[in-house]
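K.L.:
One file is attached below, structure-v3.tsv, containing TSV, C-alpha atoms.
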chain	number	residue	atom	x	y	z
A	1	MET	CA	28.67	-6.73	16.97
A	2	ASP	CA	26.07	-6.87	14.21
A	3	LEU	CA	25.02	-3.26	13.66
A	4	LYS	CA	21.38	-4.33	13.43
A	5	ARG	CA	21.42	-5.23	17.10
A	6	TYR	CA	21.88	-1.57	18.01
A	7	ILE	CA	18.76	-0.60	16.05
A	8	ARG	CA	15.45	-0.84	17.91
A	9	THR	CA	12.33	-2.03	16.12
A	10	VAL	CA	9.10	-0.32	17.20
A	11	PRO	CA	6.08	-2.20	15.86
A	12	ASN	CA	3.03	-0.36	14.51
A	13	TRP	CA	4.63	3.07	14.28
A	14	PRO	CA	3.80	5.55	12.86
A	15	LYS	CA	0.83	3.42	11.82
A	16	PRO	CA	-0.46	-0.14	12.24
A	17	GLY	CA	1.53	-2.74	10.35
A	18	VAL	CA	4.74	-0.70	10.08
A	19	MET	CA	7.88	-1.98	11.83
A	20	PHE	CA	9.78	1.23	12.54
A	21	ARG	CA	13.57	0.92	12.64
A	22	ASP	CA	14.77	3.34	15.30
A	23	ILE	CA	18.37	4.53	15.14
A	24	THR	CA	18.19	6.51	18.40
A	25	THR	CA	19.32	3.38	20.25
A	26	LEU	CA	22.33	3.16	17.96
A	27	LEU	CA	23.18	6.81	18.72
A	28	THR	CA	22.97	6.34	22.48
A	29	SER	CA	25.44	3.46	22.16
A	30	PRO	CA	28.94	4.90	21.66
A	31	GLU	CA	30.06	1.49	20.33
A	32	GLY	CA	27.17	1.34	17.86
A	33	PHE	CA	27.59	4.91	16.64
A	34	ALA	CA	31.35	4.43	16.28
A	35	GLN	CA	30.87	1.22	14.33
A	36	ALA	CA	28.27	2.76	11.98
A	37	THR	CA	30.30	5.91	11.25
A	38	ASP	CA	33.56	3.97	10.95
A	39	GLU	CA	31.98	1.54	8.47
A	40	LEU	CA	30.61	4.42	6.38
A	41	ALA	CA	33.98	6.18	6.52
A	42	ALA	CA	35.84	3.02	5.50
A	43	HIS	CA	33.60	2.72	2.47
A	44	TYR	CA	33.98	6.36	1.40
A	45	ARG	CA	37.75	6.29	1.68
A	46	SER	CA	37.94	4.63	-1.74
A	47	LEU	CA	35.49	6.97	-3.48
A	48	ASP	CA	36.37	10.12	-5.41
A	49	PHE	CA	34.04	12.96	-4.34
A	50	ASP	CA	34.01	16.62	-3.27
A	51	LYS	CA	31.34	17.02	-0.60
A	52	PHE	CA	28.67	15.41	1.52
A	53	ALA	CA	25.04	16.52	1.34
A	54	ALA	CA	22.96	15.39	4.33
A	55	ILE	CA	19.17	15.09	4.37
A	56	GLU	CA	17.28	16.69	7.29
A	57	SER	CA	17.27	15.76	10.03
A	58	ARG	CA	18.70	12.32	10.99
A	59	GLY	CA	20.93	12.46	7.94
A	60	PHE	CA	22.64	15.43	9.60
A	61	VAL	CA	23.93	13.14	12.37
A	62	PHE	CA	25.83	10.86	10.00
A	63	GLY	CA	26.68	13.49	7.40
A	64	ALA	CA	28.29	15.71	10.03
A	65	VAL	CA	30.58	12.98	11.35
A	66	LEU	CA	31.59	11.97	7.82
A	67	ALA	CA	32.23	15.53	6.65
A	68	ARG	CA	34.42	16.14	9.68
A	69	ALA	CA	36.26	12.84	9.25
A	70	PHE	CA	37.02	13.53	5.58
A	71	ASN	CA	37.54	17.28	5.92
A	72	LYS	CA	34.95	17.81	3.18
A	73	PRO	CA	32.16	20.40	2.97
A	74	LEU	CA	28.81	19.49	4.52
A	75	VAL	CA	25.74	20.66	2.58
A	76	LEU	CA	22.40	20.68	4.39
A	77	LEU	CA	19.35	19.51	2.43
A	78	ARG	CA	16.46	20.99	4.37
A	79	LYS	CA	12.70	21.03	4.60
A	80	PRO	CA	11.11	24.08	2.94
A	81	GLY	CA	11.44	27.50	4.55
A	82	LYS	CA	14.47	26.78	6.74
A	83	LEU	CA	17.32	28.17	4.66
A	84	PRO	CA	17.83	31.95	4.74
A	85	ALA	CA	19.76	32.65	1.52
A	86	ALA	CA	18.87	31.96	-2.14
A	87	THR	CA	17.64	28.36	-2.47
A	88	GLU	CA	16.87	25.79	-5.12
A	89	ARG	CA	14.02	23.38	-4.41
A	90	MET	CA	12.76	19.99	-5.57
A	91	GLU	CA	9.26	18.73	-4.95
A	92	TYR	CA	8.39	15.09	-4.59
A	93	SER	CA	5.26	13.02	-4.14
A	94	LEU	CA	4.16	11.48	-0.89
A	95	GLU	CA	1.47	8.85	-0.41
A	96	TYR	CA	-0.95	11.77	-0.08
A	97	GLY	CA	0.18	15.14	-1.43
A	98	THR	CA	3.67	16.50	-2.02
A	99	ASP	CA	6.69	17.63	-0.05
A	100	ALA	CA	9.88	19.41	-1.03
A	101	ILE	CA	13.51	19.79	-0.03
A	102	GLU	CA	15.69	22.84	-0.46
A	103	VAL	CA	19.37	23.68	-0.63
A	104	HIS	CA	21.32	26.92	-0.76
A	105	LYS	CA	22.18	27.61	-4.39
A	106	ASP	CA	25.77	28.48	-3.51
A	107	ALA	CA	26.32	25.23	-1.60
A	108	VAL	CA	26.81	23.15	-4.75
A	109	SER	CA	28.67	24.19	-7.90
A	110	ALA	CA	28.59	22.78	-11.42
A	111	GLY	CA	30.76	19.68	-11.56
A	112	ASP	CA	30.72	18.98	-7.83
A	113	ARG	CA	30.84	15.27	-7.03
A	114	VAL	CA	28.38	14.80	-4.18
A	115	VAL	CA	27.72	11.95	-1.77
A	116	VAL	CA	24.18	12.23	-0.39
A	117	ILE	CA	23.70	10.85	3.14
A	118	ASP	CA	20.53	9.86	4.98
A	119	ASP	CA	19.81	7.45	7.77
A	120	LEU	CA	17.20	5.27	6.09
A	121	LEU	CA	16.07	4.29	2.60
A	122	ALA	CA	12.38	3.38	2.33
A	123	THR	CA	10.44	4.48	-0.79
A	124	GLY	CA	13.38	6.52	-2.03
A	125	GLY	CA	11.22	9.58	-2.72
A	126	THR	CA	13.28	11.98	-0.64
A	127	ALA	CA	16.57	10.49	-1.83
A	128	LEU	CA	15.58	10.83	-5.50
A	129	ALA	CA	14.50	14.43	-4.90
A	130	ALA	CA	17.85	15.08	-3.21
A	131	ILE	CA	19.68	13.68	-6.25
A	132	GLN	CA	17.62	15.77	-8.67
A	133	LEU	CA	18.18	18.84	-6.51
A	134	MET	CA	21.95	18.36	-6.70
A	135	GLU	CA	21.70	17.86	-10.47
A	136	LYS	CA	19.64	21.06	-10.83
A	137	LEU	CA	22.70	22.91	-9.50
A	138	GLY	CA	25.05	21.06	-11.86
A	139	GLY	CA	26.30	18.59	-9.27
A	140	LYS	CA	26.79	14.88	-9.88
A	141	VAL	CA	25.63	12.47	-7.18
A	142	VAL	CA	28.23	9.73	-7.14
A	143	GLU	CA	26.44	7.75	-4.43
A	144	VAL	CA	23.65	7.88	-1.90
A	145	GLY	CA	24.64	6.35	1.43
A	146	PHE	CA	22.30	5.08	4.14
A	147	VAL	CA	22.64	3.33	7.46
A	148	ILE	CA	19.48	1.28	6.86
A	149	ASP	CA	17.82	0.01	3.71
A	150	LEU	CA	14.30	-1.42	3.69
A	151	PRO	CA	14.45	-3.22	0.34
A	152	ASP	CA	10.84	-4.44	0.51
A	153	VAL	CA	9.62	-0.84	0.32
A	154	GLY	CA	11.29	-0.46	-3.06
A	155	GLY	CA	13.57	2.57	-2.73
A	156	ALA	CA	16.79	0.76	-3.57
A	157	LYS	CA	15.24	-0.75	-6.68
A	158	LYS	CA	13.86	2.64	-7.74
A	159	LEU	CA	17.19	4.44	-7.32
A	160	LYS	CA	19.13	1.72	-9.12
A	161	ALA	CA	16.60	1.72	-11.99
A	162	ALA	CA	17.16	5.48	-12.31
A	163	GLY	CA	20.88	4.80	-12.72
A	164	TYR	CA	22.14	5.76	-9.28
A	165	THR	CA	24.49	3.95	-6.95
A	166	ILE	CA	23.50	3.33	-3.36
A	167	PHE	CA	25.34	2.04	-0.33
A	168	ARG	CA	23.81	0.87	2.94
A	169	LEU	CA	25.21	-0.64	6.10
A	170	VAL	CA	22.30	-2.90	6.99
A	171	GLN	CA	19.05	-4.18	5.52
A	172	PHE	CA	15.82	-5.11	7.23
A	173	GLU	CA	13.61	-7.32	5.11
A	174	GLY	CA	9.98	-8.19	5.70
A	175	ASP	CA	8.47	-7.75	9.14
B	1	MET	CA	40.62	32.65	11.42
B	2	ASP	CA	37.89	34.32	13.46
B	3	LEU	CA	35.03	31.82	13.49
B	4	LYS	CA	32.53	34.62	12.90
B	5	ARG	CA	33.93	35.12	9.43
B	6	TYR	CA	32.63	31.69	8.41
B	7	ILE	CA	29.09	32.61	9.47
B	8	ARG	CA	26.96	34.40	6.88
B	9	THR	CA	24.59	37.16	7.95
B	10	VAL	CA	21.32	37.29	6.01
B	11	PRO	CA	19.47	40.56	6.70
B	12	ASN	CA	15.69	40.67	7.15
B	13	TRP	CA	15.17	36.93	7.50
B	14	PRO	CA	12.86	35.34	8.54
B	15	LYS	CA	11.28	38.78	8.95
B	16	PRO	CA	12.18	42.46	8.48
B	17	GLY	CA	14.70	43.77	10.98
B	18	VAL	CA	16.21	40.39	11.86
B	19	MET	CA	19.86	39.74	11.02
B	20	PHE	CA	19.92	35.96	10.58
B	21	ARG	CA	23.20	34.25	11.42
B	22	ASP	CA	23.59	31.38	8.96
B	23	ILE	CA	25.90	28.51	9.89
B	24	THR	CA	25.51	26.68	6.57
B	25	THR	CA	28.51	28.64	5.27
B	26	LEU	CA	30.54	27.42	8.23
B	27	LEU	CA	29.51	23.82	7.43
B	28	THR	CA	30.51	24.08	3.78
B	29	SER	CA	33.95	25.27	4.89
B	30	PRO	CA	35.96	22.26	6.13
B	31	GLU	CA	38.31	24.68	7.94
B	32	GLY	CA	35.44	26.48	9.64
B	33	PHE	CA	33.62	23.30	10.66
B	34	ALA	CA	36.87	21.79	11.96
B	35	GLN	CA	37.65	24.91	13.96
B	36	ALA	CA	34.16	25.10	15.49
B	37	THR	CA	34.02	21.44	16.47
B	38	ASP	CA	37.63	21.42	17.69
B	39	GLU	CA	36.99	24.47	19.89
B	40	LEU	CA	33.87	22.86	21.36
B	41	ALA	CA	35.76	19.61	21.93
B	42	ALA	CA	38.69	21.41	23.58
B	43	HIS	CA	36.25	23.03	26.00
B	44	TYR	CA	34.42	19.81	26.86
B	45	ARG	CA	37.64	17.90	27.50
B	46	SER	CA	37.80	19.45	30.97
B	47	LEU	CA	34.16	18.83	31.90
B	48	ASP	CA	32.77	15.82	33.77
B	49	PHE	CA	29.67	14.54	31.98
B	50	ASP	CA	28.01	11.36	30.69
B	51	LYS	CA	26.25	12.22	27.43
B	52	PHE	CA	25.41	14.82	24.83
B	53	ALA	CA	21.82	15.77	24.06
B	54	ALA	CA	21.41	17.61	20.74
B	55	ILE	CA	18.46	19.81	19.80
B	56	GLU	CA	16.79	19.25	16.40
B	57	SER	CA	17.96	19.90	13.82
B	58	ARG	CA	21.12	21.99	13.46
B	59	GLY	CA	22.15	20.92	16.94
B	60	PHE	CA	22.40	17.38	15.55
B	61	VAL	CA	25.32	18.47	13.34
B	62	PHE	CA	27.48	19.59	16.25
B	63	GLY	CA	26.19	17.09	18.80
B	64	ALA	CA	27.00	14.19	16.49
B	65	VAL	CA	30.62	15.23	15.95
B	66	LEU	CA	31.11	15.81	19.68
B	67	ALA	CA	29.49	12.52	20.73
B	68	ARG	CA	31.72	10.67	18.29
B	69	ALA	CA	34.84	12.56	19.38
B	70	PHE	CA	34.20	11.82	23.08
B	71	ASN	CA	32.79	8.34	22.60
B	72	LYS	CA	29.72	9.40	24.57
B	73	PRO	CA	26.03	8.66	23.94
B	74	LEU	CA	24.14	11.06	21.68
B	75	VAL	CA	20.54	11.77	22.74
B	76	LEU	CA	18.22	13.36	20.18
B	77	LEU	CA	15.84	16.08	21.42
B	78	ARG	CA	13.18	16.20	18.75
B	79	LYS	CA	10.14	18.09	17.60
B	80	PRO	CA	6.85	16.44	18.60
B	81	GLY	CA	5.74	13.24	16.91
B	82	LYS	CA	9.12	12.13	15.55
B	83	LEU	CA	10.23	9.61	18.17
B	84	PRO	CA	8.71	6.12	17.95
B	85	ALA	CA	9.14	4.74	21.49
B	86	ALA	CA	7.89	6.03	24.87
B	87	THR	CA	8.66	9.75	25.13
B	88	GLU	CA	8.73	12.53	27.69
B	89	ARG	CA	7.81	16.03	26.48
B	90	MET	CA	8.25	19.64	27.53
B	91	GLU	CA	6.19	22.49	26.17
B	92	TYR	CA	7.46	26.03	25.89
B	93	SER	CA	6.08	29.39	24.83
B	94	LEU	CA	6.77	31.03	21.51
B	95	GLU	CA	6.04	34.64	20.57
B	96	TYR	CA	2.62	33.38	19.48
B	97	GLY	CA	1.48	30.02	20.81
B	98	THR	CA	3.51	27.10	22.13
B	99	ASP	CA	5.85	24.43	20.87
B	100	ALA	CA	7.31	21.31	22.48
B	101	ILE	CA	10.32	19.05	22.37
B	102	GLU	CA	10.43	15.34	23.09
B	103	VAL	CA	12.97	12.74	24.08
B	104	HIS	CA	12.85	8.98	24.45
B	105	LYS	CA	12.32	8.17	28.12
B	106	ASP	CA	15.03	5.52	28.10
B	107	ALA	CA	17.62	7.88	26.62
B	108	VAL	CA	18.34	9.60	29.93
B	109	SER	CA	18.59	7.97	33.36
B	110	ALA	CA	18.41	9.46	36.85
B	111	GLY	CA	21.76	10.99	37.73
B	112	ASP	CA	22.99	11.36	34.16
B	113	ARG	CA	25.19	14.40	33.66
B	114	VAL	CA	24.10	15.87	30.33
B	115	VAL	CA	25.63	18.49	28.04
B	116	VAL	CA	22.91	19.99	25.82
B	117	ILE	CA	24.09	21.17	22.38
B	118	ASP	CA	22.45	23.53	19.91
B	119	ASP	CA	23.78	25.76	17.18
B	120	LEU	CA	22.34	29.09	18.33
B	121	LEU	CA	21.09	30.76	21.51
B	122	ALA	CA	18.47	33.46	20.94
B	123	THR	CA	15.56	33.75	23.41
B	124	GLY	CA	16.61	30.56	25.21
B	125	GLY	CA	13.09	29.13	25.11
B	126	THR	CA	14.04	25.87	23.44
B	127	ALA	CA	17.22	25.52	25.50
B	128	LEU	CA	15.35	25.99	28.77
B	129	ALA	CA	12.73	23.44	27.69
B	130	ALA	CA	15.56	21.04	26.83
B	131	ILE	CA	17.05	21.48	30.30
B	132	GLN	CA	13.70	20.93	32.00
B	133	LEU	CA	13.08	17.87	29.83
B	134	MET	CA	16.38	16.35	30.97
B	135	GLU	CA	15.50	17.15	34.59
B	136	LYS	CA	12.08	15.52	34.21
B	137	LEU	CA	13.96	12.27	33.54
B	138	GLY	CA	16.28	12.80	36.51
B	139	GLY	CA	19.21	14.07	34.51
B	140	LYS	CA	21.37	17.02	35.46
B	141	VAL	CA	22.33	19.50	32.73
B	142	VAL	CA	25.89	20.49	33.50
B	143	GLU	CA	26.10	22.91	30.61
B	144	VAL	CA	24.37	24.07	27.45
B	145	GLY	CA	26.77	24.65	24.59
B	146	PHE	CA	26.16	26.74	21.47
B	147	VAL	CA	28.15	27.82	18.46
B	148	ILE	CA	26.49	31.26	18.40
B	149	ASP	CA	25.02	33.42	21.16
B	150	LEU	CA	22.87	36.48	20.41
B	151	PRO	CA	23.11	38.17	23.82
B	152	ASP	CA	20.81	41.07	22.88
B	153	VAL	CA	17.91	38.64	22.51
B	154	GLY	CA	18.26	37.67	26.16
B	155	GLY	CA	18.65	33.89	26.18
B	156	ALA	CA	22.02	33.82	27.90
B	157	LYS	CA	20.77	36.13	30.64
B	158	LYS	CA	17.62	34.02	31.09
B	159	LEU	CA	19.53	30.72	31.37
B	160	LYS	CA	22.09	32.16	33.78
B	161	ALA	CA	19.33	33.67	35.94
B	162	ALA	CA	17.76	30.21	36.13
B	163	GLY	CA	21.07	28.88	37.46
B	164	TYR	CA	22.43	27.17	34.37
B	165	THR	CA	25.87	27.35	32.80
B	166	ILE	CA	26.23	28.14	29.14
B	167	PHE	CA	29.14	28.08	26.74
B	168	ARG	CA	29.28	29.64	23.29
B	169	LEU	CA	31.99	29.97	20.67
B	170	VAL	CA	30.99	33.36	19.27
B	171	GLN	CA	28.63	36.24	20.00
B	172	PHE	CA	26.86	38.59	17.61
B	173	GLU	CA	25.66	41.77	19.28
B	174	GLY	CA	23.32	44.37	17.81
B	175	ASP	CA	22.85	44.52	14.07
For the file at hand, write its structure as structure tokens.

P.N.:
Amino acid sequence: MDLKRYIRTVPNWPKPGVMFRDITTLLTSPEGFAQATDELAAHYRSLDFDKFAAIESRGFVFGAVLARAFNKPLVLLRKPGKLPAATERMEYSLEYGTDAIEVHKDAVSAGDRVVVIDDLLATGGTALAAIQLMEKLGGKVVEVGFVIDLPDVGGAKKLKAAGYTIFRLVQFEGD
Amino acid sequence: MDLKRYIRTVPNWPKPGVMFRDITTLLTSPEGFAQATDELAAHYRSLDFDKFAAIESRGFVFGAVLARAFNKPLVLLRKPGKLPAATERMEYSLEYGTDAIEVHKDAVSAGDRVVVIDDLLATGGTALAAIQLMEKLGGKVVEVGFVIDLPDVGGAKKLKAAGYTIFRLVQFEGD
């Protein structure tokens, strides 16, 4: 089945005019979740990389299944203040204000080839911060993988313009 | 290898006197992550249940792998304000103040047999709220599964006293 049919659209959330793409309905469908993770795994089978880095918190769902399937390390990219050992951090701009993501310094080594995983690509702000965070530790992000891309919001264009490769299972355009 | 050896202990975090048990070092070890998820899966193979419900956010890591391994639905139990469709919520007490967890109302149906998954059992406050949240929707929690139990903090005792079954892979007692 078309993967998009497992994804629920919730209009006007979190604010008027936004069509929110909700993956919880994909996760409660064993067929949908299997298809999504199998399609991601099939893609990554041909890529040369060392570890997955998953963005909190829905990225953890897909990153965990992939890391286990490939027998590769899973690195957690977390919101500030969640990681107990020595961390590196990268700030990024939001519509109003800034946010940041953190990673344990010893989770990525110089030369590591990293695949960053998140569920959804919108503005690309978090994904770009994740890439820069990996690079701060000497890692190389070989690809950023998403279940959903919202190309109208501009994230894919921004990441490609910065020289990075992205992969996504489905796209939702317009409203 | 003993699973505990994959788990890093960070002293005095998040506050003085606390020995924080850090699973990120288990996740960056493919052997450790495989062992933990295989041991959980081996246990759940003999249990009769319908779906996994995973607690945000480290619970997502283990819940996702289990849901995929068993071809069962994965329900996300999230912090307030994250779920876009109609939700049910359960508040619980913290040391100071209260917190809450939410779930989509249509993610659990009356009669569903649910296994709740989280990474760590400490006071049991979040786990008990998760159980009550499932019950509010008519579900029955057949077990709550954790990677780590800290029995000295009292969560296991509290959940058992309330009549619930727990399962954990490892225990850390004292400091």

K.L.:
Using only C-alpha atoms, which protein or nucleic acid residues come within 9 Å of Leu3 in chain B? Drop anything in the same chain fewer than 6 positions from it, and give the result as number ranges by chain.

P.N.:
B: 26, 32, 35-36, 169-170

K.L.:
Tell me which protein, DNA and RNA residues are within 8 Å of range 153-158 of chain A, counting all atoms listed in the file, leaving out same-chain ones fewer than 4 positions away, and put them as a PyMOL selection string.

P.N.:
chain A and resi 121-125+149+162+166

K.L.:
Within 10 Å of chain A, which residues of chain B show up when using all atoms listed in the file, listed as a tab-separated table (two decimals) with C-alpha atoms, keeping the file's coordinate frame?

P.N.:
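The new file part.tsv reads:
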chain	number	residue	atom	x	y	z
B	8	ARG	CA	26.96	34.40	6.88
B	9	THR	CA	24.59	37.16	7.95
B	10	VAL	CA	21.32	37.29	6.01
B	11	PRO	CA	19.47	40.56	6.70
B	12	ASN	CA	15.69	40.67	7.15
B	13	TRP	CA	15.17	36.93	7.50
B	14	PRO	CA	12.86	35.34	8.54
B	20	PHE	CA	19.92	35.96	10.58
B	21	ARG	CA	23.20	34.25	11.42
B	22	ASP	CA	23.59	31.38	8.96
B	24	THR	CA	25.51	26.68	6.57
B	25	THR	CA	28.51	28.64	5.27
B	26	LEU	CA	30.54	27.42	8.23
B	27	LEU	CA	29.51	23.82	7.43
B	28	THR	CA	30.51	24.08	3.78
B	29	SER	CA	33.95	25.27	4.89
B	30	PRO	CA	35.96	22.26	6.13
B	31	GLU	CA	38.31	24.68	7.94
B	32	GLY	CA	35.44	26.48	9.64
B	33	PHE	CA	33.62	23.30	10.66
B	34	ALA	CA	36.87	21.79	11.96
B	37	THR	CA	34.02	21.44	16.47
B	51	LYS	CA	26.25	12.22	27.43
B	52	PHE	CA	25.41	14.82	24.83
B	53	ALA	CA	21.82	15.77	24.06
B	54	ALA	CA	21.41	17.61	20.74
B	56	GLU	CA	16.79	19.25	16.40
B	57	SER	CA	17.96	19.90	13.82
B	58	ARG	CA	21.12	21.99	13.46
B	59	GLY	CA	22.15	20.92	16.94
B	60	PHE	CA	22.40	17.38	15.55
B	61	VAL	CA	25.32	18.47	13.34
B	62	PHE	CA	27.48	19.59	16.25
B	63	GLY	CA	26.19	17.09	18.80
B	64	ALA	CA	27.00	14.19	16.49
B	65	VAL	CA	30.62	15.23	15.95
B	66	LEU	CA	31.11	15.81	19.68
B	67	ALA	CA	29.49	12.52	20.73
B	68	ARG	CA	31.72	10.67	18.29
B	69	ALA	CA	34.84	12.56	19.38
B	70	PHE	CA	34.20	11.82	23.08
B	71	ASN	CA	32.79	8.34	22.60
B	72	LYS	CA	29.72	9.40	24.57
B	73	PRO	CA	26.03	8.66	23.94
B	74	LEU	CA	24.14	11.06	21.68
B	75	VAL	CA	20.54	11.77	22.74
B	76	LEU	CA	18.22	13.36	20.18
B	78	ARG	CA	13.18	16.20	18.75
B	81	GLY	CA	5.74	13.24	16.91
B	82	LYS	CA	9.12	12.13	15.55
B	83	LEU	CA	10.23	9.61	18.17
B	84	PRO	CA	8.71	6.12	17.95
B	85	ALA	CA	9.14	4.74	21.49
B	103	VAL	CA	12.97	12.74	24.08
B	104	HIS	CA	12.85	8.98	24.45
B	106	ASP	CA	15.03	5.52	28.10
B	107	ALA	CA	17.62	7.88	26.62
B	108	VAL	CA	18.34	9.60	29.93

K.L.:
Out of B:Asp50, B:Met90, B:Ala127, B:Pro80, which residue has the shortest atom-to-atom distance to Arg113 in chain B when counting all atoms listed in the file?

P.N.:
B:Asp50

K.L.:
Give the centre and edge lengths of an axis-aligned box, in Å to one decimal, that holds all listed atoms of range 34-45 of chain B with 5 Å on each side, as AutoDock Vina command-line options.

P.N.:
--center_x 36.3 --center_y 21.5 --center_z 19.7 --size_x 14.8 --size_y 17.2 --size_z 25.5

K.L.:
Go ahead and compute the interatomic distance for CA of Lys105 in chain A and CA of Ala86 in chain A, in Å to one decimal.

P.N.:
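Rounded to one decimal, the two atoms are 5.9 Å apart.
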
K.L.:
Record the distance separating CA of Asp119 in chain B and CA of Val147 in chain B, expressed in Å with one decimal.

P.N.:
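Calculated distance between CA of Asp119 in chain B and CA of Val147 in chain B is 5.0 Å.
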
K.L.:
Kindly indicate which residue among A:Leu159, A:Ile55, A:Leu133, A:Leu77 lies nearest to Glu91 in chain A, using all atoms listed in the file for the distances.

P.N.:
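Closest to Glu91 in chain A of all the choices is A:Leu133.
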
K.L.:
Between B:Leu40, B:Leu47, B:Ile101, B:Leu128, which is the closest to Arg168 in chain B once you count all atoms listed in the file?

P.N.:
B:Leu40

K.L.:
Of the residues B:Gly17, B:Gly111, B:Gly145, B:Pro151, which is the one nearest to Phe167 in chain B, using only C-alpha atoms?

P.N.:
B:Gly145

K.L.:
At what distance in Å, to one decimal, does CA of Met134 in chain A lie from CA of Glu102 in chain A?

P.N.:
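One can read the CA of Glu102 in chain A to CA of Met134 in chain A distance as 9.9 Å.
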
K.L.:
Taking into account all atoms listed in the file, which residue in the set B:Asp48, B:Glu88, B:Glu173, B:Glu95 is nearest to Ile148 in chain B?

P.N.:
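Smallest separation from Ile148 in chain B among the options: B:Glu173.
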
K.L.:
Between A:Asp118, A:Asp99, A:Glu135, A:Asp112, which one has atoms that come closest to Phe49 in chain A, using all atoms listed in the file?

P.N.:
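Result for the nearest residue to Phe49 in chain A: A:Asp112.
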
K.L.:
Could you give me range 22-40 of chain A completed to N, CA and C atoms, formatted as a PDB file, in the frame of the given file?

P.N.:
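To be explicit, this is the file written out as result-v1.pdb:
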ATOM      1  N   ASP A  22      14.450   2.156  14.494  1.00  0.00           N
ATOM      2  CA  ASP A  22      14.770   3.340  15.300  1.00  0.00           C
ATOM      3  C   ASP A  22      16.265   3.413  15.575  1.00  0.00           C
ATOM      4  N   ILE A  23      16.912   4.413  14.963  1.00  0.00           N
ATOM      5  CA  ILE A  23      18.370   4.530  15.140  1.00  0.00           C
ATOM      6  C   ILE A  23      18.753   5.267  16.424  1.00  0.00           C
ATOM      7  N   THR A  24      17.788   5.768  17.190  1.00  0.00           N
ATOM      8  CA  THR A  24      18.190   6.510  18.400  1.00  0.00           C
ATOM      9  C   THR A  24      18.937   5.591  19.378  1.00  0.00           C
ATOM     10  N   THR A  25      18.623   4.314  19.353  1.00  0.00           N
ATOM     11  CA  THR A  25      19.320   3.380  20.250  1.00  0.00           C
ATOM     12  C   THR A  25      20.752   3.101  19.772  1.00  0.00           C
ATOM     13  N   LEU A  26      20.967   3.260  18.471  1.00  0.00           N
ATOM     14  CA  LEU A  26      22.330   3.160  17.960  1.00  0.00           C
ATOM     15  C   LEU A  26      23.136   4.391  18.388  1.00  0.00           C
ATOM     16  N   LEU A  27      22.472   5.556  18.377  1.00  0.00           N
ATOM     17  CA  LEU A  27      23.180   6.810  18.720  1.00  0.00           C
ATOM     18  C   LEU A  27      23.500   6.905  20.211  1.00  0.00           C
ATOM     19  N   THR A  28      22.669   6.289  21.043  1.00  0.00           N
ATOM     20  CA  THR A  28      22.970   6.340  22.480  1.00  0.00           C
ATOM     21  C   THR A  28      23.963   5.245  22.871  1.00  0.00           C
ATOM     22  N   SER A  29      24.368   4.423  21.923  1.00  0.00           N
ATOM     23  CA  SER A  29      25.440   3.460  22.160  1.00  0.00           C
ATOM     24  C   SER A  29      26.722   3.973  21.502  1.00  0.00           C
ATOM     25  N   PRO A  30      27.697   4.421  22.287  1.00  0.00           N
ATOM     26  CA  PRO A  30      28.940   4.900  21.660  1.00  0.00           C
ATOM     27  C   PRO A  30      29.579   3.833  20.771  1.00  0.00           C
ATOM     28  N   GLU A  31      29.485   2.558  21.151  1.00  0.00           N
ATOM     29  CA  GLU A  31      30.060   1.490  20.330  1.00  0.00           C
ATOM     30  C   GLU A  31      29.307   1.384  18.996  1.00  0.00           C
ATOM     31  N   GLY A  32      27.982   1.446  19.075  1.00  0.00           N
ATOM     32  CA  GLY A  32      27.170   1.340  17.860  1.00  0.00           C
ATOM     33  C   GLY A  32      27.398   2.504  16.916  1.00  0.00           C
ATOM     34  N   PHE A  33      27.413   3.717  17.471  1.00  0.00           N
ATOM     35  CA  PHE A  33      27.590   4.910  16.640  1.00  0.00           C
ATOM     36  C   PHE A  33      28.988   4.913  16.027  1.00  0.00           C
ATOM     37  N   ALA A  34      29.977   4.503  16.806  1.00  0.00           N
ATOM     38  CA  ALA A  34      31.350   4.430  16.280  1.00  0.00           C
ATOM     39  C   ALA A  34      31.423   3.420  15.145  1.00  0.00           C
ATOM     40  N   GLN A  35      30.804   2.254  15.355  1.00  0.00           N
ATOM     41  CA  GLN A  35      30.870   1.220  14.330  1.00  0.00           C
ATOM     42  C   GLN A  35      30.194   1.697  13.037  1.00  0.00           C
ATOM     43  N   ALA A  36      29.020   2.308  13.168  1.00  0.00           N
ATOM     44  CA  ALA A  36      28.270   2.760  11.980  1.00  0.00           C
ATOM     45  C   ALA A  36      29.064   3.824  11.220  1.00  0.00           C
ATOM     46  N   THR A  37      29.585   4.825  11.937  1.00  0.00           N
ATOM     47  CA  THR A  37      30.300   5.910  11.250  1.00  0.00           C
ATOM     48  C   THR A  37      31.652   5.427  10.720  1.00  0.00           C
ATOM     49  N   ASP A  38      32.289   4.516  11.439  1.00  0.00           N
ATOM     50  CA  ASP A  38      33.560   3.970  10.950  1.00  0.00           C
ATOM     51  C   ASP A  38      33.337   3.127   9.682  1.00  0.00           C
ATOM     52  N   GLU A  39      32.250   2.363   9.657  1.00  0.00           N
ATOM     53  CA  GLU A  39      31.980   1.540   8.470  1.00  0.00           C
ATOM     54  C   GLU A  39      31.647   2.426   7.259  1.00  0.00           C
ATOM     55  N   LEU A  40      30.889   3.485   7.483  1.00  0.00           N
ATOM     56  CA  LEU A  40      30.610   4.420   6.380  1.00  0.00           C
ATOM     57  C   LEU A  40      31.912   5.063   5.911  1.00  0.00           C
TER      58      LEU A  40
END
